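Okay, so here's the structure we're looking at.
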2 protein chains.
Amino acid sequence: MSLTARVEDYLEAVLDIEMSGEVATVTQLAKNLGVTKATVTAALKKLDESRLLVHERYGDVILTPEGREKALAVYRRHEFLADFFTRILGFSRERAHNVACVMEHEIDENTERRLAAFTDALALAERNNETWLKELRECMDSPNELPIPLCLMEEGSSGVIARVTAQYELRKRLNAAGFSPGVDISDIRKSDGLPGGVFTFVMNGMGIKFGIAEASAVWLYQPDK
Amino acid sequence: MSLTARVEDYLEAVLDIEMSGEVATVTQLAKNLGVTKATVTAALKKLDESRLLVHERYGDVILTPEGREKALAVYRRHEFLADFFTRILGFSRERAHNVACVMEHEIDENTERRLAAFTDALALAERNNETWLKELRECMDSPNELPIPLCLMEEGSSGVIARVTAQYELRKRLNAAGFSPGVDISDIRKSDGLPGGVFTFVMNGMGIKFGIAEASAVWLYQPDK
DNA sequence: CGTTGATGTTTGATCGGCCTAACTGGTGGA
DNA sequence: TCCACCAGTTAGGCCGATCAAACATCAACG
């Protein structure tokens, strides 16, 4: 009987109103969630049936203990995520909340804890005025171009490595082979062979062959465009 | 004519198949997206009508230039987000992709750039074996309890500050007043007064009054539970 | 008390995304 | 050649979330 994301939103909204000291009303919920009152009534009916809140006809909206617990979990995730995206990543307030709104339904407690620990550690660094954090911030304020994966580069084109999105062994292999941001790549070509094709190019004067796995993990800035 | 999130998913899936060197088929798409072929046919019809790909009856599925561009943008976001959540935050592969799947539709280019810059800076630190990064990692591996906001604490209870989720002036004020992780708070009480209530408690032997804004930004670990 | 305005509910409809079941088209053996 | 099989399509229906419009209830005031 797992809740839909939207139903979690309604729970969260009820808690939000409750926290501000009022009793949640249909009108208030409709306003906060940006839907009509009819929609709220329908949603509350479902939540009442699931015993997450009590809502009698024309009556108050009151969270049950289970409902309150679920609502708090969602609310907490939302606040932590929004905090993370604004304070650490510098998203706009609005965007941070949008992102938090969709992510809050996709993470579990464990994930939430990791995220919180990360945020807290960076917040601590901020209080201590750590220099590395400042460098990091500056780096984030000078926006780059957006790269494209090697496997989508045009025949014969060149580029500069932007990043490598790979984990584990593949990442190690690529690292060991010298695939790091800033390195030039030229004469990119694709030929048939392995499923997915074979990609050849030149790096540091050497000819190199890639399969699709490598070629989609290495992202390049295009020189002109 | 903004695309729905789901439609973006279909575009992304087509690009994904194309990148692996094959031509996207209905069956392949159905498999990758976890839906039936009937559903794919319907989605492709819409995408064809929007001129994002070409799909004639019983024909191949080919992205148009605009479709390819949109697909790449979504794909790139997905890969960057997944990379960020696995490499930097240590999410499981599966969870990282789930989260990426919902977030990829909520961020714009600017936001994507910030995120990428952040990831890249941390990846650089990782290559350099920076000590602060290692500390941060250790911190993330020792999971904490999950806190609750001061305004939801029980009458008369106590706790330890876990974090402060506030920005700008409010954050500064709370910081200046000594609200930092680890500080003890006791004798929390709520009374009427301002809209949202007035919260009183004791910190460092001093009695303090909060409105709802402050009381929902300060998160506490409960001592027992 | 009765009227009135705000609050809440019901009804009937749409829309996107999905499914099952039945159908059509294309193709490679026997 | 024709049949069997796989790929793709169509038709019809379901579900969740939403809306507009009409209706019901409440509360407060004269």
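We label chains A, B, ... in the order they appear in the structure tokens, count residues from 1 in each chain, and number ligands from 1 in the order shown.
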As a VMD selection string, please: the residues near Val183 (chain B) (cut-off 6 Å, only C-alpha atoms (C1' of nucleotides), same-chain neighbours under 2 positions excluded). chain B and resid 160 to 161 181
Take the selection from the previous step and output its residues with C-alpha atoms, as a compact mmCIF listing (two decimals), in the first residue's frame.
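So part_38.txt came out as:
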```txt
# COMPACT_ATOMS: atom_id res chain seq x y z
CA VAL B 160 20.82 18.42 21.09
CA ILE B 161 21.08 20.67 18.07
CA PRO B 181 25.33 21.47 16.18
```
Residues near DT9 (chain C), cut-off 9 Å, only C-alpha atoms (C1' of nucleotides), skip fewer than 2 positions along chain, as JSON, numbers by chain: {"A": [38, 41, 57, 58], "D": [23, 24]}
Restricted to N, CA and C atoms (P, O5', C5', C4', C3', O3' and C1' of nucleotides), what would the selected residues look like written as a PDB file, in the first residue's frame?
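Done, and the output landed in out-v4.pdb:
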```pdb
ATOM      1  N   ALA A  38     -11.868  21.014  -4.730  1.00  0.00           N
ATOM      2  CA  ALA A  38     -12.427  19.701  -5.084  1.00  0.00           C
ATOM      3  C   ALA A  38     -11.340  18.638  -5.060  1.00  0.00           C
ATOM      4  N   THR A  41     -10.396  17.769  -1.477  1.00  0.00           N
ATOM      5  CA  THR A  41     -11.396  16.910  -0.846  1.00  0.00           C
ATOM      6  C   THR A  41     -11.186  15.454  -1.252  1.00  0.00           C
ATOM      7  N   ARG A  57     -16.760  14.768   7.198  1.00  0.00           N
ATOM      8  CA  ARG A  57     -17.442  15.747   6.349  1.00  0.00           C
ATOM      9  C   ARG A  57     -17.558  17.088   7.085  1.00  0.00           C
ATOM     10  N   TYR A  58     -17.053  18.117   6.453  1.00  0.00           N
ATOM     11  CA  TYR A  58     -17.069  19.470   7.011  1.00  0.00           C
ATOM     12  C   TYR A  58     -16.295  19.591   8.311  1.00  0.00           C
TER      13      TYR A  58
ATOM     14  P    DC D  23     -27.713  22.952  -8.941  1.00  0.00           P
ATOM     15  O5'  DC D  23     -27.326  22.419  -7.492  1.00  0.00           O
ATOM     16  C5'  DC D  23     -26.869  21.066  -7.351  1.00  0.00           C
ATOM     17  C4'  DC D  23     -26.182  20.965  -6.022  1.00  0.00           C
ATOM     18  C3'  DC D  23     -27.024  21.460  -4.840  1.00  0.00           C
ATOM     19  O3'  DC D  23     -27.359  20.333  -4.049  1.00  0.00           O
ATOM     20  C1'  DC D  23     -24.728  22.115  -4.683  1.00  0.00           C
ATOM     21  P    DA D  24     -28.232  20.585  -2.703  1.00  0.00           P
ATOM     22  O5'  DA D  24     -27.116  20.582  -1.572  1.00  0.00           O
ATOM     23  C5'  DA D  24     -26.343  19.411  -1.357  1.00  0.00           C
ATOM     24  C4'  DA D  24     -25.482  19.632  -0.135  1.00  0.00           C
ATOM     25  C3'  DA D  24     -26.238  20.009   1.118  1.00  0.00           C
ATOM     26  O3'  DA D  24     -25.647  19.249   2.142  1.00  0.00           O
ATOM     27  C1'  DA D  24     -24.585  21.646   0.661  1.00  0.00           C
TER      28       DA D  24
END
```
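For Arg113 (chain A), the residues within 9 Å (counting only C-alpha atoms (C1' of nucleotides), excluding itself and residues fewer than 5 positions away along the chain) are Asp108 and Phe118 of chain A; Met140, Pro143, Asn144, Glu145 and Leu146 of chain B.
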For the residues in the current selection, export C-alpha atoms as a PDB file, in the first residue's frame.
```
ATOM      1  CA  ASP A 108      15.160   6.496   1.938  1.00  0.00           C
ATOM      2  CA  PHE A 118      27.586  15.727   3.761  1.00  0.00           C
TER       3      PHE A 118
ATOM      4  CA  MET B 140      29.247  10.256   5.990  1.00  0.00           C
ATOM      5  CA  PRO B 143      25.125   7.566  10.182  1.00  0.00           C
ATOM      6  CA  ASN B 144      23.320   9.736  12.644  1.00  0.00           C
ATOM      7  CA  GLU B 145      19.846   9.613  14.005  1.00  0.00           C
ATOM      8  CA  LEU B 146      17.347  11.744  12.167  1.00  0.00           C
TER       9      LEU B 146
END
```
What are the closest atom pairs, with distances in Å to one decimal, for all residues of chain C lying within 9 Å of chain B? Consider only C-alpha atoms (C1' of nucleotides), order rows by chain and residue number, and present the result as a Markdown table.
```
| residue | atom | partner | partner_atom | distance |
| --- | --- | --- | --- | --- |
| C:DG17 | C1' | B:Thr39 | CA | 7.9 |
| C:DC18 | C1' | B:Thr39 | CA | 6.6 |
| C:DC19 | C1' | B:Thr36 | CA | 7.6 |
| C:DG25 | C1' | B:Tyr58 | CA | 7.9 |
```
Neighbour list for Ile185 (chain B) as an MDAnalysis selection string, cut-off 9 Å, only C-alpha atoms (C1' of nucleotides), skip fewer than 6 positions in-chain: chainID B and resid 157:161 201:204 220
Would you give me, as JSON lines, each residue of chain D having an atom within 12 Å of an atom of chain A, along with its shortest atom pair and that distance in Å to one decimal, using only C-alpha atoms (C1' of nucleotides) and sorting by chain and residue number?
```
{"residue": "D:DG16", "atom": "C1'", "partner": "A:Thr4", "partner_atom": "CA", "distance": 9.2}
{"residue": "D:DA17", "atom": "C1'", "partner": "A:Thr39", "partner_atom": "CA", "distance": 7.8}
{"residue": "D:DT18", "atom": "C1'", "partner": "A:Thr39", "partner_atom": "CA", "distance": 6.6}
{"residue": "D:DC19", "atom": "C1'", "partner": "A:Thr36", "partner_atom": "CA", "distance": 7.4}
{"residue": "D:DA20", "atom": "C1'", "partner": "A:Ala38", "partner_atom": "CA", "distance": 9.7}
{"residue": "D:DA21", "atom": "C1'", "partner": "A:Ala38", "partner_atom": "CA", "distance": 11.1}
{"residue": "D:DA24", "atom": "C1'", "partner": "A:Tyr58", "partner_atom": "CA", "distance": 10.1}
{"residue": "D:DT25", "atom": "C1'", "partner": "A:Tyr58", "partner_atom": "CA", "distance": 7.5}
{"residue": "D:DC26", "atom": "C1'", "partner": "A:Tyr58", "partner_atom": "CA", "distance": 8.5}
```
Please return the superposed copy of chain A as a CSV table (one decimal) with C-alpha atoms, in the first residue's frame; the fit should be least squares onto chain B across all sequentially paired Cα atoms.
```csv
chain,number,residue,atom,x,y,z
A,1,MET,CA,4.4,23.1,-25.7
A,2,SER,CA,6.8,22.1,-23.0
A,3,LEU,CA,7.3,18.3,-22.9
A,4,THR,CA,6.0,16.2,-20.0
A,5,ALA,CA,8.7,14.5,-18.0
A,6,ARG,CA,7.6,11.1,-19.3
A,7,VAL,CA,8.0,12.2,-22.9
A,8,GLU,CA,11.5,13.3,-22.1
A,9,ASP,CA,12.2,9.9,-20.8
A,10,TYR,CA,11.2,8.3,-24.1
A,11,LEU,CA,13.5,10.7,-25.9
A,12,GLU,CA,16.3,9.9,-23.6
A,13,ALA,CA,15.8,6.2,-24.0
A,14,VAL,CA,15.9,6.5,-27.8
A,15,LEU,CA,19.3,8.3,-27.6
A,16,ASP,CA,20.5,5.7,-25.2
A,17,ILE,CA,19.8,3.0,-27.6
A,18,GLU,CA,21.2,5.0,-30.5
A,19,MET,CA,24.4,5.6,-28.6
A,20,SER,CA,25.0,1.9,-28.2
A,21,GLY,CA,25.0,1.7,-32.0
A,22,GLU,CA,21.6,0.2,-32.6
A,23,VAL,CA,18.5,1.6,-34.1
A,24,ALA,CA,15.8,2.1,-31.4
A,25,THR,CA,12.9,-0.4,-31.8
A,26,VAL,CA,9.6,-0.4,-30.0
A,27,THR,CA,10.4,-3.7,-28.3
A,28,GLN,CA,13.8,-2.4,-27.1
A,29,LEU,CA,12.2,0.9,-25.8
A,30,ALA,CA,9.5,-1.1,-24.1
A,31,LYS,CA,12.0,-3.2,-22.3
A,32,ASN,CA,14.3,-0.3,-21.3
A,33,LEU,CA,11.4,1.8,-20.0
A,34,GLY,CA,9.6,-1.1,-18.4
A,35,VAL,CA,6.3,-0.6,-20.2
A,36,THR,CA,4.3,-2.5,-22.8
A,37,LYS,CA,4.8,-2.0,-26.5
A,38,ALA,CA,1.4,-0.5,-26.8
A,39,THR,CA,2.5,2.3,-24.5
A,40,VAL,CA,5.6,2.9,-26.5
A,41,THR,CA,3.7,3.1,-29.8
A,42,ALA,CA,1.4,5.8,-28.2
A,43,ALA,CA,4.3,7.8,-26.9
A,44,LEU,CA,6.2,7.6,-30.2
A,45,LYS,CA,3.1,8.9,-32.0
A,46,LYS,CA,3.1,12.0,-29.8
A,47,LEU,CA,6.8,12.5,-30.2
A,48,ASP,CA,6.4,12.2,-34.0
A,49,GLU,CA,3.7,14.8,-34.0
A,50,SER,CA,6.0,17.1,-32.0
A,51,ARG,CA,8.7,16.6,-34.6
A,52,LEU,CA,11.1,15.3,-32.1
A,53,LEU,CA,11.6,12.1,-34.0
A,54,VAL,CA,10.3,10.3,-37.1
A,55,HIS,CA,8.4,7.2,-36.7
A,56,GLU,CA,6.3,5.9,-39.6
A,57,ARG,CA,4.1,2.9,-39.2
A,58,TYR,CA,6.3,-0.2,-38.8
A,59,GLY,CA,9.3,2.0,-39.6
A,60,ASP,CA,12.5,2.9,-37.7
A,61,VAL,CA,12.6,5.4,-34.9
A,62,ILE,CA,15.0,8.2,-35.8
A,63,LEU,CA,15.6,11.4,-33.7
A,64,THR,CA,15.3,14.7,-35.5
A,65,PRO,CA,18.0,17.3,-34.8
A,66,GLU,CA,15.8,19.1,-32.3
A,67,GLY,CA,14.8,15.8,-30.7
A,68,ARG,CA,18.4,14.7,-30.5
A,69,GLU,CA,19.4,18.0,-28.9
A,70,LYS,CA,16.6,17.7,-26.3
A,71,ALA,CA,17.5,14.0,-25.7
A,72,LEU,CA,21.2,14.8,-25.2
A,73,ALA,CA,20.3,17.5,-22.7
A,74,VAL,CA,18.2,15.1,-20.6
A,75,TYR,CA,20.8,12.3,-21.0
A,76,ARG,CA,23.6,14.6,-19.9
A,77,ARG,CA,21.7,15.7,-16.9
A,78,HIS,CA,20.9,12.1,-16.0
A,79,GLU,CA,24.5,11.0,-16.3
A,80,PHE,CA,25.8,14.0,-14.4
A,81,LEU,CA,23.3,13.5,-11.6
A,82,ALA,CA,23.9,9.8,-11.4
A,83,ASP,CA,27.6,10.4,-11.3
A,84,PHE,CA,27.2,13.0,-8.6
A,85,PHE,CA,25.0,10.9,-6.4
A,86,THR,CA,27.1,7.8,-6.7
A,87,ARG,CA,30.6,9.2,-6.7
A,88,ILE,CA,30.2,12.2,-4.4
A,89,LEU,CA,27.3,11.2,-2.1
A,90,GLY,CA,27.8,7.4,-2.2
A,91,PHE,CA,24.3,6.5,-3.1
A,92,SER,CA,23.7,3.0,-4.4
A,93,ARG,CA,23.7,2.8,-8.1
A,94,GLU,CA,20.1,2.0,-8.3
A,95,ARG,CA,19.0,4.8,-6.0
A,96,ALA,CA,21.2,7.3,-7.8
A,97,HIS,CA,19.6,6.5,-11.1
A,98,ASN,CA,16.1,6.7,-9.6
A,99,VAL,CA,16.9,10.1,-8.2
A,100,ALA,CA,18.5,11.2,-11.4
A,101,CYS,CA,15.4,10.1,-13.3
A,102,VAL,CA,13.2,12.5,-11.4
A,103,MET,CA,15.6,15.3,-11.0
A,104,GLU,CA,16.7,15.4,-14.7
A,105,HIS,CA,13.4,17.0,-15.6
A,106,GLU,CA,13.6,19.7,-12.9
A,107,ILE,CA,16.9,21.4,-13.5
A,108,ASP,CA,18.0,23.9,-16.1
A,109,GLU,CA,21.4,24.4,-17.8
A,110,ASN,CA,22.6,26.8,-15.3
A,111,THR,CA,21.8,24.6,-12.4
A,112,GLU,CA,23.4,21.7,-14.3
A,113,ARG,CA,26.6,23.7,-14.7
A,114,ARG,CA,26.8,24.4,-11.0
A,115,LEU,CA,26.3,20.8,-10.1
A,116,ALA,CA,28.9,19.7,-12.6
A,117,ALA,CA,31.4,22.3,-11.4
A,118,PHE,CA,30.9,21.1,-7.8
A,119,THR,CA,31.3,17.4,-8.8
A,120,ASP,CA,34.4,18.2,-10.8
A,121,ALA,CA,36.0,20.2,-8.0
A,122,LEU,CA,35.4,17.3,-5.6
A,123,ALA,CA,36.7,14.8,-8.1
A,124,LEU,CA,39.9,16.8,-8.3
A,125,ALA,CA,40.3,16.9,-4.6
A,126,GLU,CA,39.8,13.1,-4.6
A,127,ARG,CA,42.6,12.7,-7.2
A,128,ASN,CA,44.8,14.8,-5.0
A,129,ASN,CA,43.9,12.8,-1.9
A,130,GLU,CA,43.0,15.8,0.1
A,131,THR,CA,42.6,15.1,3.7
A,132,TRP,CA,39.5,17.2,4.3
A,133,LEU,CA,37.7,15.1,1.7
A,134,LYS,CA,38.6,11.9,3.6
A,135,GLU,CA,37.3,13.3,6.8
A,136,LEU,CA,34.1,14.2,5.1
A,137,ARG,CA,33.8,10.6,3.8
A,138,GLU,CA,34.3,9.1,7.2
A,139,CYS,CA,31.7,11.5,8.6
A,140,MET,CA,29.2,10.2,6.0
A,141,ASP,CA,29.8,6.6,6.8
A,142,SER,CA,28.8,7.0,10.5
A,143,PRO,CA,25.1,7.5,10.2
A,144,ASN,CA,23.3,9.8,12.7
A,145,GLU,CA,19.9,9.6,14.0
A,146,LEU,CA,17.4,11.8,12.2
A,147,PRO,CA,16.5,15.0,14.0
A,148,ILE,CA,13.1,16.7,14.3
A,149,PRO,CA,12.4,20.4,14.2
A,150,LEU,CA,12.3,22.3,17.6
A,151,CYS,CA,8.7,23.2,17.0
A,152,LEU,CA,7.6,19.6,17.0
A,153,MET,CA,9.4,18.6,20.2
A,154,GLU,CA,7.2,17.5,23.1
A,155,GLU,CA,6.3,19.9,25.8
A,156,GLY,CA,9.1,20.0,28.4
A,157,SER,CA,11.5,17.8,26.4
A,158,SER,CA,15.2,18.3,25.7
A,159,GLY,CA,17.5,17.7,22.8
A,160,VAL,CA,20.8,18.4,21.1
A,161,ILE,CA,21.1,20.7,18.1
A,162,ALA,CA,21.6,18.6,14.9
A,163,ARG,CA,21.5,21.3,12.3
A,164,VAL,CA,20.1,24.6,11.2
A,165,THR,CA,18.2,24.8,8.0
A,166,ALA,CA,17.9,28.5,7.3
A,167,GLN,CA,19.4,31.0,4.9
A,168,TYR,CA,20.5,34.5,4.9
A,169,GLU,CA,19.7,36.8,7.8
A,170,LEU,CA,17.9,34.2,9.9
A,171,ARG,CA,20.9,31.8,9.5
A,172,LYS,CA,23.3,34.6,10.5
A,173,ARG,CA,21.2,35.5,13.5
A,174,LEU,CA,20.9,32.0,14.7
A,175,ASN,CA,24.6,31.4,14.2
A,176,ALA,CA,25.5,34.6,16.0
A,177,ALA,CA,23.3,33.5,18.9
A,178,GLY,CA,25.2,30.3,19.3
A,179,PHE,CA,22.8,27.8,17.6
A,180,SER,CA,25.3,25.2,16.4
A,181,PRO,CA,25.3,21.4,16.2
A,182,GLY,CA,26.0,19.8,19.5
A,183,VAL,CA,24.6,22.5,21.8
A,184,ASP,CA,22.1,21.3,24.4
A,185,ILE,CA,18.6,22.6,24.5
A,186,SER,CA,16.2,21.8,27.4
A,187,ASP,CA,12.8,22.6,28.8
A,188,ILE,CA,11.1,23.2,25.5
A,189,ARG,CA,7.7,24.7,25.8
A,190,LYS,CA,5.1,26.1,23.5
A,191,SER,CA,2.7,28.9,24.3
A,192,ASP,CA,0.2,31.0,22.4
A,193,GLY,CA,1.1,34.4,21.2
A,194,LEU,CA,2.4,35.2,17.7
A,195,PRO,CA,0.7,33.4,14.9
A,196,GLY,CA,2.4,30.0,15.0
A,197,GLY,CA,3.0,30.2,18.7
A,198,VAL,CA,5.9,31.1,20.9
A,199,PHE,CA,8.5,28.5,21.8
A,200,THR,CA,10.6,28.9,24.9
A,201,PHE,CA,13.5,26.8,26.0
A,202,VAL,CA,16.8,26.9,27.8
A,203,MET,CA,20.2,27.0,26.2
A,204,ASN,CA,23.5,27.5,28.1
A,205,GLY,CA,21.5,28.3,31.1
A,206,MET,CA,19.6,31.1,29.4
A,207,GLY,CA,15.9,31.2,28.6
A,208,ILE,CA,15.2,31.9,24.9
A,209,LYS,CA,12.1,32.7,22.9
A,210,PHE,CA,11.5,31.6,19.4
A,211,GLY,CA,8.8,32.3,16.8
A,212,ILE,CA,7.8,29.6,14.4
A,213,ALA,CA,10.3,30.6,11.7
A,214,GLU,CA,13.2,30.0,14.1
A,215,ALA,CA,11.6,27.0,15.7
A,216,SER,CA,11.2,25.2,12.4
A,217,ALA,CA,14.8,25.9,11.3
A,218,VAL,CA,16.5,24.4,14.3
A,219,TRP,CA,16.6,20.6,14.2
A,220,LEU,CA,17.3,18.5,17.3
A,221,TYR,CA,18.3,15.0,18.1
A,222,GLN,CA,16.1,13.5,20.7
A,223,PRO,CA,18.3,12.2,23.6
A,224,ASP,CA,16.6,8.8,24.0
A,225,LYS,CA,13.8,7.5,21.7
```
Write down as a PyMOL selection string the residues of region 5-215 of chain B whose backbone DSSP state falls under strand (DSSP E). chain B and resi 53-55+61-63+148-149+159-164+184-191+198-203+206-210
Could you find all residues in region 33-92 of chain A that DSSP calls helix (DSSP H, G or I) from the backbone, and write them as a VMD selection string? chain A and resid 33 37 to 49 65 to 88
C1' of DG12 (chain D) to C1' of DT10 (chain C), straight-line distance in Å: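 C1' of DT10 (chain C) sits 27.7 Å away from C1' of DG12 (chain D).
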